[in-house]
Amino acid sequence: MGVVKITSGGRVNYRAIATYMVLIAIAIAMLFPLFWLVGTAFKSPTENIFQVPPQFIPREPTFGNFVRVWQTNPFGRYLFNSTLVAVLTVGLNLLFCSLAAYPLARLNFWGRDFLLSAIVSTIMIPFQIVMIPLYILAVQLGLRNTYLGIIFPSLASAFGIFLLRQAFMGVPKELEEAARIDGCSELGIWWHIMIPSVRPALMTLAIFVFIGSWSDFLWPLIVVDRPEYYTIPLGVANLAGTFSLDWRIVAAGSVISIAPVLLLFLIVQRYIVPTDTATGVKG
């Protein structure tokens, strides 16, 4: 990563200074809501959370808001539900998207390009348009108030298929041909050659799917009406209804909901690195 020098030949680089100032201003604007949310979660009842200018650091920090969240709502159950749904969604999404992307990238068959275009074009369809048909189908299949019902619309995604298809196309054909010579089937090539070769793309897709599943509010709200199946977003919304006048509690619940996503990113970010698959081919 390059570093912009603020001096050049003994002269001040005003363009570099202006660039840094703009980037700092953008960063502050984007992080302001997060700082306010975290600060509010730790503020005591005697502090004004809406004062101007805002006070980010609590004068009397307390964990009481987090204790009240756990005592008044089954947040442990919400965390379990969200974790189970997100993990299953990630696993099934990676499985189905990779299975669909492999033939679109490596096999030649009639209508392949048209099929790919049709799949990618579905990205432009808003979820609100297919929401009612999906709900009717979920009810007819008996998936209402079930974990599978929450996962149902996210079993595969056009974005995931396209992303993995592009990753599969970057794998050298020599590896695939060598596997065929050794008697490997198409499914074996997919599992033993393709999947290990596109691991960074899989990790990237897993992060996107996990965040999308963890923060999804609309579909669980539609397909679930029993509190034992509530996910984190529904739990936080329930907090806003229960403590409509105490935003400290709502902020504490929001911080709890954000923490697992930040932890996941810190754990898996080191795996999102380019993989030089071509090193396995000698020319």
# chains A, B, ... in the order shown; residues from 1 in each chain; ligands from 1
$ closest_atom_pairs --of "range 95-147 of chain A" --to "range 214-219 of chain A" --cutoff "10 Å" --atoms "only C-alpha atoms" --output "JSON lines"
{"residue": "A:Phe127", "atom": "CA", "partner": "A:Trp219", "partner_atom": "CA", "distance": 9.4}
{"residue": "A:Gln128", "atom": "CA", "partner": "A:Leu218", "partner_atom": "CA", "distance": 9.3}
{"residue": "A:Met131", "atom": "CA", "partner": "A:Trp219", "partner_atom": "CA", "distance": 7.8}
{"residue": "A:Leu134", "atom": "CA", "partner": "A:Trp219", "partner_atom": "CA", "distance": 9.6}
{"residue": "A:Tyr135", "atom": "CA", "partner": "A:Trp219", "partner_atom": "CA", "distance": 8.7}
$ write_last_selection --atoms "N, CA, C and O atoms" --output "PDB file, in the first residue's frame"
ATOM      1  N   PHE A 127     -36.488  -7.488  -3.527  1.00  0.00           N
ATOM      2  CA  PHE A 127     -37.034  -8.576  -2.718  1.00  0.00           C
ATOM      3  C   PHE A 127     -38.513  -8.366  -2.431  1.00  0.00           C
ATOM      4  O   PHE A 127     -39.280  -9.328  -2.299  1.00  0.00           O
ATOM      5  N   GLN A 128     -38.944  -7.111  -2.351  1.00  0.00           N
ATOM      6  CA  GLN A 128     -40.339  -6.822  -2.039  1.00  0.00           C
ATOM      7  C   GLN A 128     -41.294  -7.368  -3.103  1.00  0.00           C
ATOM      8  O   GLN A 128     -42.460  -7.625  -2.817  1.00  0.00           O
ATOM      9  N   MET A 131     -41.549 -11.168  -2.342  1.00  0.00           N
ATOM     10  CA  MET A 131     -41.771 -11.448  -0.930  1.00  0.00           C
ATOM     11  C   MET A 131     -43.079 -12.208  -0.694  1.00  0.00           C
ATOM     12  O   MET A 131     -43.105 -13.225   0.020  1.00  0.00           O
ATOM     13  N   LEU A 134     -43.022 -15.818  -2.099  1.00  0.00           N
ATOM     14  CA  LEU A 134     -42.183 -16.642  -1.234  1.00  0.00           C
ATOM     15  C   LEU A 134     -42.905 -16.996   0.062  1.00  0.00           C
ATOM     16  O   LEU A 134     -42.797 -18.127   0.552  1.00  0.00           O
ATOM     17  N   TYR A 135     -43.629 -16.036   0.615  1.00  0.00           N
ATOM     18  CA  TYR A 135     -44.359 -16.305   1.854  1.00  0.00           C
ATOM     19  C   TYR A 135     -45.445 -17.353   1.626  1.00  0.00           C
ATOM     20  O   TYR A 135     -45.620 -18.271   2.437  1.00  0.00           O
TER      21      TYR A 135
END
$ closest_atom_pairs --of "range 138-171 of chain A" --to "range 76-97 of chain A" --cutoff "10 Å" --atoms "only C-alpha atoms" --output "Markdown table"
| residue | atom | partner | partner_atom | distance |
| --- | --- | --- | --- | --- |
| A:Tyr147 | CA | A:Val85 | CA | 6.5 |
| A:Leu148 | CA | A:Val85 | CA | 8.1 |
| A:Gly149 | CA | A:Val85 | CA | 9.8 |
| A:Ile150 | CA | A:Val85 | CA | 7.2 |
| A:Ile151 | CA | A:Thr89 | CA | 5.9 |
| A:Phe152 | CA | A:Thr89 | CA | 8.6 |
| A:Pro153 | CA | A:Thr89 | CA | 9.5 |
| A:Ser154 | CA | A:Thr89 | CA | 6.4 |
| A:Leu155 | CA | A:Asn93 | CA | 5.0 |
| A:Ala156 | CA | A:Asn93 | CA | 4.8 |
| A:Ser157 | CA | A:Cys97 | CA | 6.9 |
| A:Ala158 | CA | A:Cys97 | CA | 8.1 |
| A:Phe159 | CA | A:Cys97 | CA | 8.9 |
| A:Gly160 | CA | A:Cys97 | CA | 5.8 |
| A:Ile161 | CA | A:Cys97 | CA | 4.7 |
| A:Phe162 | CA | A:Cys97 | CA | 8.5 |
| A:Leu163 | CA | A:Cys97 | CA | 9.0 |
| A:Leu164 | CA | A:Cys97 | CA | 7.2 |
| A:Arg165 | CA | A:Cys97 | CA | 8.8 |
$ select_by_dssp --residues "range 117-221 of chain A" --states "alpha helix (DSSP H)" --output "mmCIF file with N, CA and C atoms, in the first residue's frame"
data_model
loop_
_atom_site.group_PDB
_atom_site.id
_atom_site.type_symbol
_atom_site.label_atom_id
_atom_site.label_comp_id
_atom_site.auth_asym_id
_atom_site.auth_seq_id
_atom_site.Cartn_x
_atom_site.Cartn_y
_atom_site.Cartn_z
ATOM 1 N N SER A 117 -26.944 -15.223 -17.860
ATOM 2 C CA SER A 117 -27.543 -13.887 -17.947
ATOM 3 C C SER A 117 -28.875 -13.831 -17.204
ATOM 4 N N ALA A 118 -29.661 -14.891 -17.299
ATOM 5 C CA ALA A 118 -30.949 -14.925 -16.604
ATOM 6 C C ALA A 118 -30.751 -14.918 -15.094
ATOM 7 N N ILE A 119 -29.746 -15.655 -14.626
ATOM 8 C CA ILE A 119 -29.481 -15.700 -13.181
ATOM 9 C C ILE A 119 -29.015 -14.345 -12.676
ATOM 10 N N VAL A 120 -28.078 -13.736 -13.382
ATOM 11 C CA VAL A 120 -27.538 -12.445 -12.952
ATOM 12 C C VAL A 120 -28.611 -11.356 -13.004
ATOM 13 N N SER A 121 -29.500 -11.434 -13.979
ATOM 14 C CA SER A 121 -30.535 -10.408 -14.104
ATOM 15 C C SER A 121 -31.494 -10.395 -12.918
ATOM 16 N N PHE A 127 -36.488 -7.488 -3.527
ATOM 17 C CA PHE A 127 -37.034 -8.576 -2.718
ATOM 18 C C PHE A 127 -38.513 -8.366 -2.431
ATOM 19 N N GLN A 128 -38.944 -7.111 -2.351
ATOM 20 C CA GLN A 128 -40.339 -6.822 -2.039
ATOM 21 C C GLN A 128 -41.294 -7.368 -3.103
ATOM 22 N N ILE A 129 -40.798 -7.543 -4.329
ATOM 23 C CA ILE A 129 -41.654 -8.056 -5.395
ATOM 24 C C ILE A 129 -41.940 -9.542 -5.213
ATOM 25 N N VAL A 130 -40.923 -10.301 -4.784
ATOM 26 C CA VAL A 130 -41.071 -11.756 -4.642
ATOM 27 C C VAL A 130 -41.418 -12.154 -3.214
ATOM 28 N N MET A 131 -41.549 -11.168 -2.342
ATOM 29 C CA MET A 131 -41.771 -11.448 -0.930
ATOM 30 C C MET A 131 -43.079 -12.208 -0.694
ATOM 31 N N ILE A 132 -44.171 -11.746 -1.298
ATOM 32 C CA ILE A 132 -45.470 -12.392 -1.089
ATOM 33 C C ILE A 132 -45.507 -13.794 -1.687
ATOM 34 N N PRO A 133 -45.042 -14.011 -2.934
ATOM 35 C CA PRO A 133 -45.006 -15.385 -3.453
ATOM 36 C C PRO A 133 -44.144 -16.319 -2.602
ATOM 37 N N LEU A 134 -43.022 -15.818 -2.099
ATOM 38 C CA LEU A 134 -42.183 -16.642 -1.234
ATOM 39 C C LEU A 134 -42.905 -16.996 0.062
ATOM 40 N N TYR A 135 -43.629 -16.036 0.615
ATOM 41 C CA TYR A 135 -44.359 -16.305 1.854
ATOM 42 C C TYR A 135 -45.445 -17.353 1.626
ATOM 43 N N ILE A 136 -46.192 -17.223 0.523
ATOM 44 C CA ILE A 136 -47.237 -18.211 0.215
ATOM 45 C C ILE A 136 -46.624 -19.597 0.043
ATOM 46 N N LEU A 137 -45.485 -19.659 -0.648
ATOM 47 C CA LEU A 137 -44.822 -20.948 -0.846
ATOM 48 C C LEU A 137 -44.332 -21.521 0.479
ATOM 49 N N ALA A 138 -43.773 -20.655 1.342
ATOM 50 C CA ALA A 138 -43.292 -21.118 2.642
ATOM 51 C C ALA A 138 -44.438 -21.653 3.500
ATOM 52 N N VAL A 139 -45.592 -20.996 3.462
ATOM 53 C CA VAL A 139 -46.753 -21.457 4.222
ATOM 54 C C VAL A 139 -47.247 -22.791 3.688
ATOM 55 N N GLN A 140 -47.300 -22.920 2.372
ATOM 56 C CA GLN A 140 -47.769 -24.168 1.766
ATOM 57 C C GLN A 140 -46.826 -25.337 2.076
ATOM 58 N N TYR A 147 -36.933 -22.695 11.560
ATOM 59 C CA TYR A 147 -35.621 -22.185 11.151
ATOM 60 C C TYR A 147 -35.449 -22.297 9.643
ATOM 61 N N LEU A 148 -35.911 -23.396 9.074
ATOM 62 C CA LEU A 148 -35.796 -23.570 7.631
ATOM 63 C C LEU A 148 -36.590 -22.512 6.887
ATOM 64 N N GLY A 149 -37.704 -22.081 7.454
ATOM 65 C CA GLY A 149 -38.482 -21.023 6.825
ATOM 66 C C GLY A 149 -37.727 -19.712 6.771
ATOM 67 N N ILE A 150 -36.928 -19.422 7.805
ATOM 68 C CA ILE A 150 -36.121 -18.201 7.807
ATOM 69 C C ILE A 150 -35.007 -18.294 6.772
ATOM 70 N N ILE A 151 -34.436 -19.492 6.630
ATOM 71 C CA ILE A 151 -33.314 -19.690 5.710
ATOM 72 C C ILE A 151 -33.780 -19.782 4.265
ATOM 73 N N ALA A 158 -27.941 -15.093 -6.657
ATOM 74 C CA ALA A 158 -27.356 -14.817 -7.977
ATOM 75 C C ALA A 158 -25.967 -14.204 -7.837
ATOM 76 N N PHE A 159 -25.796 -13.336 -6.835
ATOM 77 C CA PHE A 159 -24.481 -12.737 -6.614
ATOM 78 C C PHE A 159 -23.443 -13.802 -6.273
ATOM 79 N N GLY A 160 -23.811 -14.758 -5.414
ATOM 80 C CA GLY A 160 -22.876 -15.810 -5.044
ATOM 81 C C GLY A 160 -22.509 -16.698 -6.221
ATOM 82 N N ILE A 161 -23.497 -17.034 -7.053
ATOM 83 C CA ILE A 161 -23.221 -17.862 -8.231
ATOM 84 C C ILE A 161 -22.279 -17.123 -9.182
ATOM 85 N N PHE A 162 -22.533 -15.843 -9.411
ATOM 86 C CA PHE A 162 -21.681 -15.072 -10.315
ATOM 87 C C PHE A 162 -20.276 -14.929 -9.748
ATOM 88 N N LEU A 163 -20.157 -14.642 -8.452
ATOM 89 C CA LEU A 163 -18.848 -14.476 -7.830
ATOM 90 C C LEU A 163 -18.014 -15.745 -7.929
ATOM 91 N N LEU A 164 -18.605 -16.886 -7.596
ATOM 92 C CA LEU A 164 -17.867 -18.144 -7.644
ATOM 93 C C LEU A 164 -17.606 -18.581 -9.083
ATOM 94 N N ARG A 165 -18.517 -18.261 -9.982
ATOM 95 C CA ARG A 165 -18.279 -18.582 -11.391
ATOM 96 C C ARG A 165 -17.040 -17.859 -11.897
ATOM 97 N N GLN A 166 -16.914 -16.577 -11.556
ATOM 98 C CA GLN A 166 -15.727 -15.825 -11.966
ATOM 99 C C GLN A 166 -14.461 -16.397 -11.326
ATOM 100 N N ALA A 167 -14.570 -16.843 -10.077
ATOM 101 C CA ALA A 167 -13.410 -17.434 -9.402
ATOM 102 C C ALA A 167 -13.019 -18.766 -10.040
ATOM 103 N N PHE A 168 -14.006 -19.586 -10.383
ATOM 104 C CA PHE A 168 -13.718 -20.867 -11.034
ATOM 105 C C PHE A 168 -13.050 -20.669 -12.393
ATOM 106 N N MET A 169 -13.430 -19.628 -13.109
ATOM 107 C CA MET A 169 -12.846 -19.381 -14.422
ATOM 108 C C MET A 169 -11.366 -19.027 -14.327
ATOM 109 N N LYS A 173 -6.751 -24.537 -16.453
ATOM 110 C CA LYS A 173 -7.351 -25.746 -17.005
ATOM 111 C C LYS A 173 -6.435 -26.957 -16.870
ATOM 112 N N GLU A 174 -5.121 -26.713 -16.743
ATOM 113 C CA GLU A 174 -4.190 -27.833 -16.618
ATOM 114 C C GLU A 174 -4.475 -28.679 -15.378
ATOM 115 N N LEU A 175 -4.894 -28.015 -14.286
ATOM 116 C CA LEU A 175 -5.233 -28.761 -13.074
ATOM 117 C C LEU A 175 -6.453 -29.639 -13.296
ATOM 118 N N GLU A 176 -7.427 -29.094 -14.006
ATOM 119 C CA GLU A 176 -8.642 -29.850 -14.301
ATOM 120 C C GLU A 176 -8.342 -31.024 -15.224
ATOM 121 N N GLU A 177 -7.520 -30.795 -16.247
ATOM 122 C CA GLU A 177 -7.187 -31.870 -17.185
ATOM 123 C C GLU A 177 -6.373 -32.965 -16.503
ATOM 124 N N ALA A 178 -5.467 -32.575 -15.609
ATOM 125 C CA ALA A 178 -4.682 -33.582 -14.884
ATOM 126 C C ALA A 178 -5.579 -34.440 -14.001
ATOM 127 N N ALA A 179 -6.587 -33.815 -13.390
ATOM 128 C CA ALA A 179 -7.507 -34.577 -12.554
ATOM 129 C C ALA A 179 -8.330 -35.550 -13.392
ATOM 130 N N ARG A 180 -8.737 -35.136 -14.594
ATOM 131 C CA ARG A 180 -9.493 -36.043 -15.465
ATOM 132 C C ARG A 180 -8.626 -37.228 -15.913
ATOM 133 N N ILE A 181 -7.360 -36.966 -16.197
ATOM 134 C CA ILE A 181 -6.461 -38.058 -16.584
ATOM 135 C C ILE A 181 -6.327 -39.067 -15.462
ATOM 136 N N GLU A 186 -16.487 -35.349 -12.454
ATOM 137 C CA GLU A 186 -16.769 -33.918 -12.406
ATOM 138 C C GLU A 186 -17.003 -33.456 -10.976
ATOM 139 N N LEU A 187 -17.718 -34.263 -10.215
ATOM 140 C CA LEU A 187 -17.952 -33.909 -8.815
ATOM 141 C C LEU A 187 -16.654 -33.932 -8.028
ATOM 142 N N GLY A 188 -15.776 -34.875 -8.364
ATOM 143 C CA GLY A 188 -14.478 -34.930 -7.696
ATOM 144 C C GLY A 188 -13.607 -33.740 -8.049
ATOM 145 N N ILE A 189 -13.650 -33.310 -9.322
ATOM 146 C CA ILE A 189 -12.896 -32.123 -9.718
ATOM 147 C C ILE A 189 -13.415 -30.900 -8.972
ATOM 148 N N ILE A 195 -12.809 -26.209 -5.352
ATOM 149 C CA ILE A 195 -13.105 -25.624 -4.039
ATOM 150 C C ILE A 195 -11.842 -25.154 -3.318
ATOM 151 N N PRO A 196 -10.775 -25.968 -3.230
ATOM 152 C CA PRO A 196 -9.555 -25.441 -2.583
ATOM 153 C C PRO A 196 -8.928 -24.266 -3.320
ATOM 154 N N SER A 197 -9.125 -24.205 -4.640
ATOM 155 C CA SER A 197 -8.480 -23.151 -5.424
ATOM 156 C C SER A 197 -9.164 -21.800 -5.264
ATOM 157 N N ARG A 199 -10.714 -20.654 -2.428
ATOM 158 C CA ARG A 199 -11.015 -20.455 -1.010
ATOM 159 C C ARG A 199 -11.199 -18.985 -0.631
ATOM 160 N N PRO A 200 -10.364 -18.050 -1.130
ATOM 161 C CA PRO A 200 -10.612 -16.640 -0.793
ATOM 162 C C PRO A 200 -11.979 -16.146 -1.235
ATOM 163 N N ALA A 201 -12.420 -16.561 -2.431
ATOM 164 C CA ALA A 201 -13.750 -16.156 -2.901
ATOM 165 C C ALA A 201 -14.841 -16.756 -2.024
ATOM 166 N N LEU A 202 -14.644 -17.993 -1.580
ATOM 167 C CA LEU A 202 -15.613 -18.620 -0.686
ATOM 168 C C LEU A 202 -15.701 -17.872 0.642
ATOM 169 N N MET A 203 -14.549 -17.461 1.174
ATOM 170 C CA MET A 203 -14.557 -16.725 2.435
ATOM 171 C C MET A 203 -15.224 -15.361 2.262
ATOM 172 N N THR A 204 -14.979 -14.716 1.133
ATOM 173 C CA THR A 204 -15.625 -13.428 0.869
ATOM 174 C C THR A 204 -17.136 -13.586 0.800
ATOM 175 N N LEU A 205 -17.582 -14.584 0.064
ATOM 176 C CA LEU A 205 -19.020 -14.825 -0.041
ATOM 177 C C LEU A 205 -19.609 -15.192 1.317
ATOM 178 N N ALA A 206 -18.877 -15.975 2.100
ATOM 179 C CA ALA A 206 -19.368 -16.371 3.423
ATOM 180 C C ALA A 206 -19.593 -15.152 4.312
ATOM 181 N N ILE A 207 -18.686 -14.187 4.251
ATOM 182 C CA ILE A 207 -18.835 -12.983 5.069
ATOM 183 C C ILE A 207 -20.065 -12.185 4.636
ATOM 184 N N PHE A 208 -20.238 -12.014 3.329
ATOM 185 C CA PHE A 208 -21.393 -11.272 2.832
ATOM 186 C C PHE A 208 -22.697 -11.966 3.234
ATOM 187 N N VAL A 209 -22.738 -13.289 3.064
ATOM 188 C CA VAL A 209 -23.961 -14.030 3.391
ATOM 189 C C VAL A 209 -24.235 -13.972 4.889
ATOM 190 N N PHE A 210 -23.190 -14.128 5.699
ATOM 191 C CA PHE A 210 -23.371 -14.093 7.160
ATOM 192 C C PHE A 210 -23.920 -12.741 7.604
ATOM 193 N N ILE A 211 -23.322 -11.657 7.112
ATOM 194 C CA ILE A 211 -23.779 -10.325 7.504
ATOM 195 C C ILE A 211 -25.220 -10.099 7.039
ATOM 196 N N GLY A 212 -25.515 -10.525 5.795
ATOM 197 C CA GLY A 212 -26.874 -10.356 5.294
ATOM 198 C C GLY A 212 -27.889 -11.142 6.088
ATOM 199 N N SER A 213 -27.547 -12.380 6.453
ATOM 200 C CA SER A 213 -28.461 -13.207 7.235
ATOM 201 C C SER A 213 -28.601 -12.679 8.663
ATOM 202 N N TRP A 214 -27.500 -12.253 9.252
ATOM 203 C CA TRP A 214 -27.520 -11.772 10.638
ATOM 204 C C TRP A 214 -28.359 -10.512 10.785
ATOM 205 N N SER A 215 -28.287 -9.634 9.790
ATOM 206 C CA SER A 215 -28.976 -8.345 9.890
ATOM 207 C C SER A 215 -30.339 -8.338 9.207
ATOM 208 N N LEU A 218 -36.671 -7.996 7.543
ATOM 209 C CA LEU A 218 -37.976 -8.048 6.891
ATOM 210 C C LEU A 218 -38.515 -9.470 6.776
ATOM 211 N N TRP A 219 -37.712 -10.403 6.232
ATOM 212 C CA TRP A 219 -38.230 -11.748 6.021
ATOM 213 C C TRP A 219 -38.525 -12.475 7.339
ATOM 214 N N PRO A 220 -37.622 -12.466 8.340
ATOM 215 C CA PRO A 220 -38.003 -13.092 9.624
ATOM 216 C C PRO A 220 -39.248 -12.471 10.244
ATOM 217 N N LEU A 221 -39.424 -11.169 10.066
ATOM 218 C CA LEU A 221 -40.624 -10.514 10.599
ATOM 219 C C LEU A 221 -41.876 -11.068 9.951
#
$ residues_around --residues "Asn48 in chain A" --least-positions-apart "3" --cutoff "12 Å" --atoms "only C-alpha atoms" --output "compact mmCIF listing (two decimals) with N, CA and C atoms, in the first residue's frame"
# COMPACT_ATOMS: atom_id res chain seq x y z
N GLY A 39 -21.34 4.76 22.93
CA GLY A 39 -21.33 5.65 24.08
C GLY A 39 -22.67 5.66 24.80
N THR A 40 -23.76 5.66 24.06
CA THR A 40 -25.10 5.65 24.67
C THR A 40 -25.34 4.37 25.45
N LYS A 43 -23.98 4.73 28.97
CA LYS A 43 -24.32 5.92 29.76
C LYS A 43 -25.32 5.58 30.86
N SER A 44 -25.19 6.27 31.98
CA SER A 44 -26.09 6.06 33.11
C SER A 44 -27.39 6.82 32.87
N PRO A 45 -28.44 6.51 33.62
CA PRO A 45 -29.74 7.18 33.44
C PRO A 45 -29.70 8.68 33.69
N GLN A 51 -27.65 15.45 24.11
CA GLN A 51 -27.07 16.76 24.27
C GLN A 51 -26.29 17.17 23.03
N VAL A 52 -26.18 18.48 22.82
CA VAL A 52 -25.45 19.05 21.69
C VAL A 52 -24.40 20.02 22.24
N PRO A 53 -23.12 19.82 21.86
CA PRO A 53 -22.58 18.74 21.03
C PRO A 53 -22.62 17.40 21.77
N PRO A 54 -22.65 16.29 21.03
CA PRO A 54 -22.78 14.97 21.68
C PRO A 54 -21.56 14.63 22.53
N GLN A 55 -21.82 13.91 23.60
CA GLN A 55 -20.78 13.44 24.49
C GLN A 55 -20.58 11.95 24.24
N PHE A 56 -19.48 11.61 23.55
CA PHE A 56 -19.26 10.22 23.18
C PHE A 56 -18.81 9.36 24.37
N ILE A 57 -17.97 9.92 25.22
CA ILE A 57 -17.43 9.18 26.37
C ILE A 57 -18.34 9.41 27.57
N PRO A 58 -18.94 8.36 28.12
CA PRO A 58 -19.83 8.53 29.29
C PRO A 58 -19.09 9.08 30.50
N ARG A 59 -19.72 9.98 31.21
CA ARG A 59 -19.12 10.51 32.45
C ARG A 59 -19.19 9.48 33.56
N GLU A 60 -20.26 8.70 33.56
CA GLU A 60 -20.42 7.64 34.57
C GLU A 60 -20.73 6.33 33.86
N ASP A 246 -36.41 4.67 26.70
CA ASP A 246 -35.06 4.47 27.20
C ASP A 246 -34.19 3.93 26.08
N TRP A 247 -33.58 4.84 25.34
CA TRP A 247 -32.76 4.44 24.21
C TRP A 247 -31.43 3.85 24.64
N ARG A 248 -31.09 3.96 25.92
CA ARG A 248 -29.86 3.32 26.40
C ARG A 248 -29.97 1.80 26.31
$ atom_distance --atom1 "CA of Asn65 in chain A" --atom2 "CA of Leu31 in chain A"
22.0 Å
$ closest_residue --among "A:Tyr14, A:Ala29, A:Ile249, A:Tyr229" --to "Ile49 in chain A" --atoms "only C-alpha atoms"
A:Ile249
$ atom_distance --atom1 "CA of Leu34 in chain A" --atom2 "CA of Trp70 in chain A"
21.4 Å
$ atom_distance --atom1 "CA of Pro260 in chain A" --atom2 "CA of Phe75 in chain A"
13.2 Å
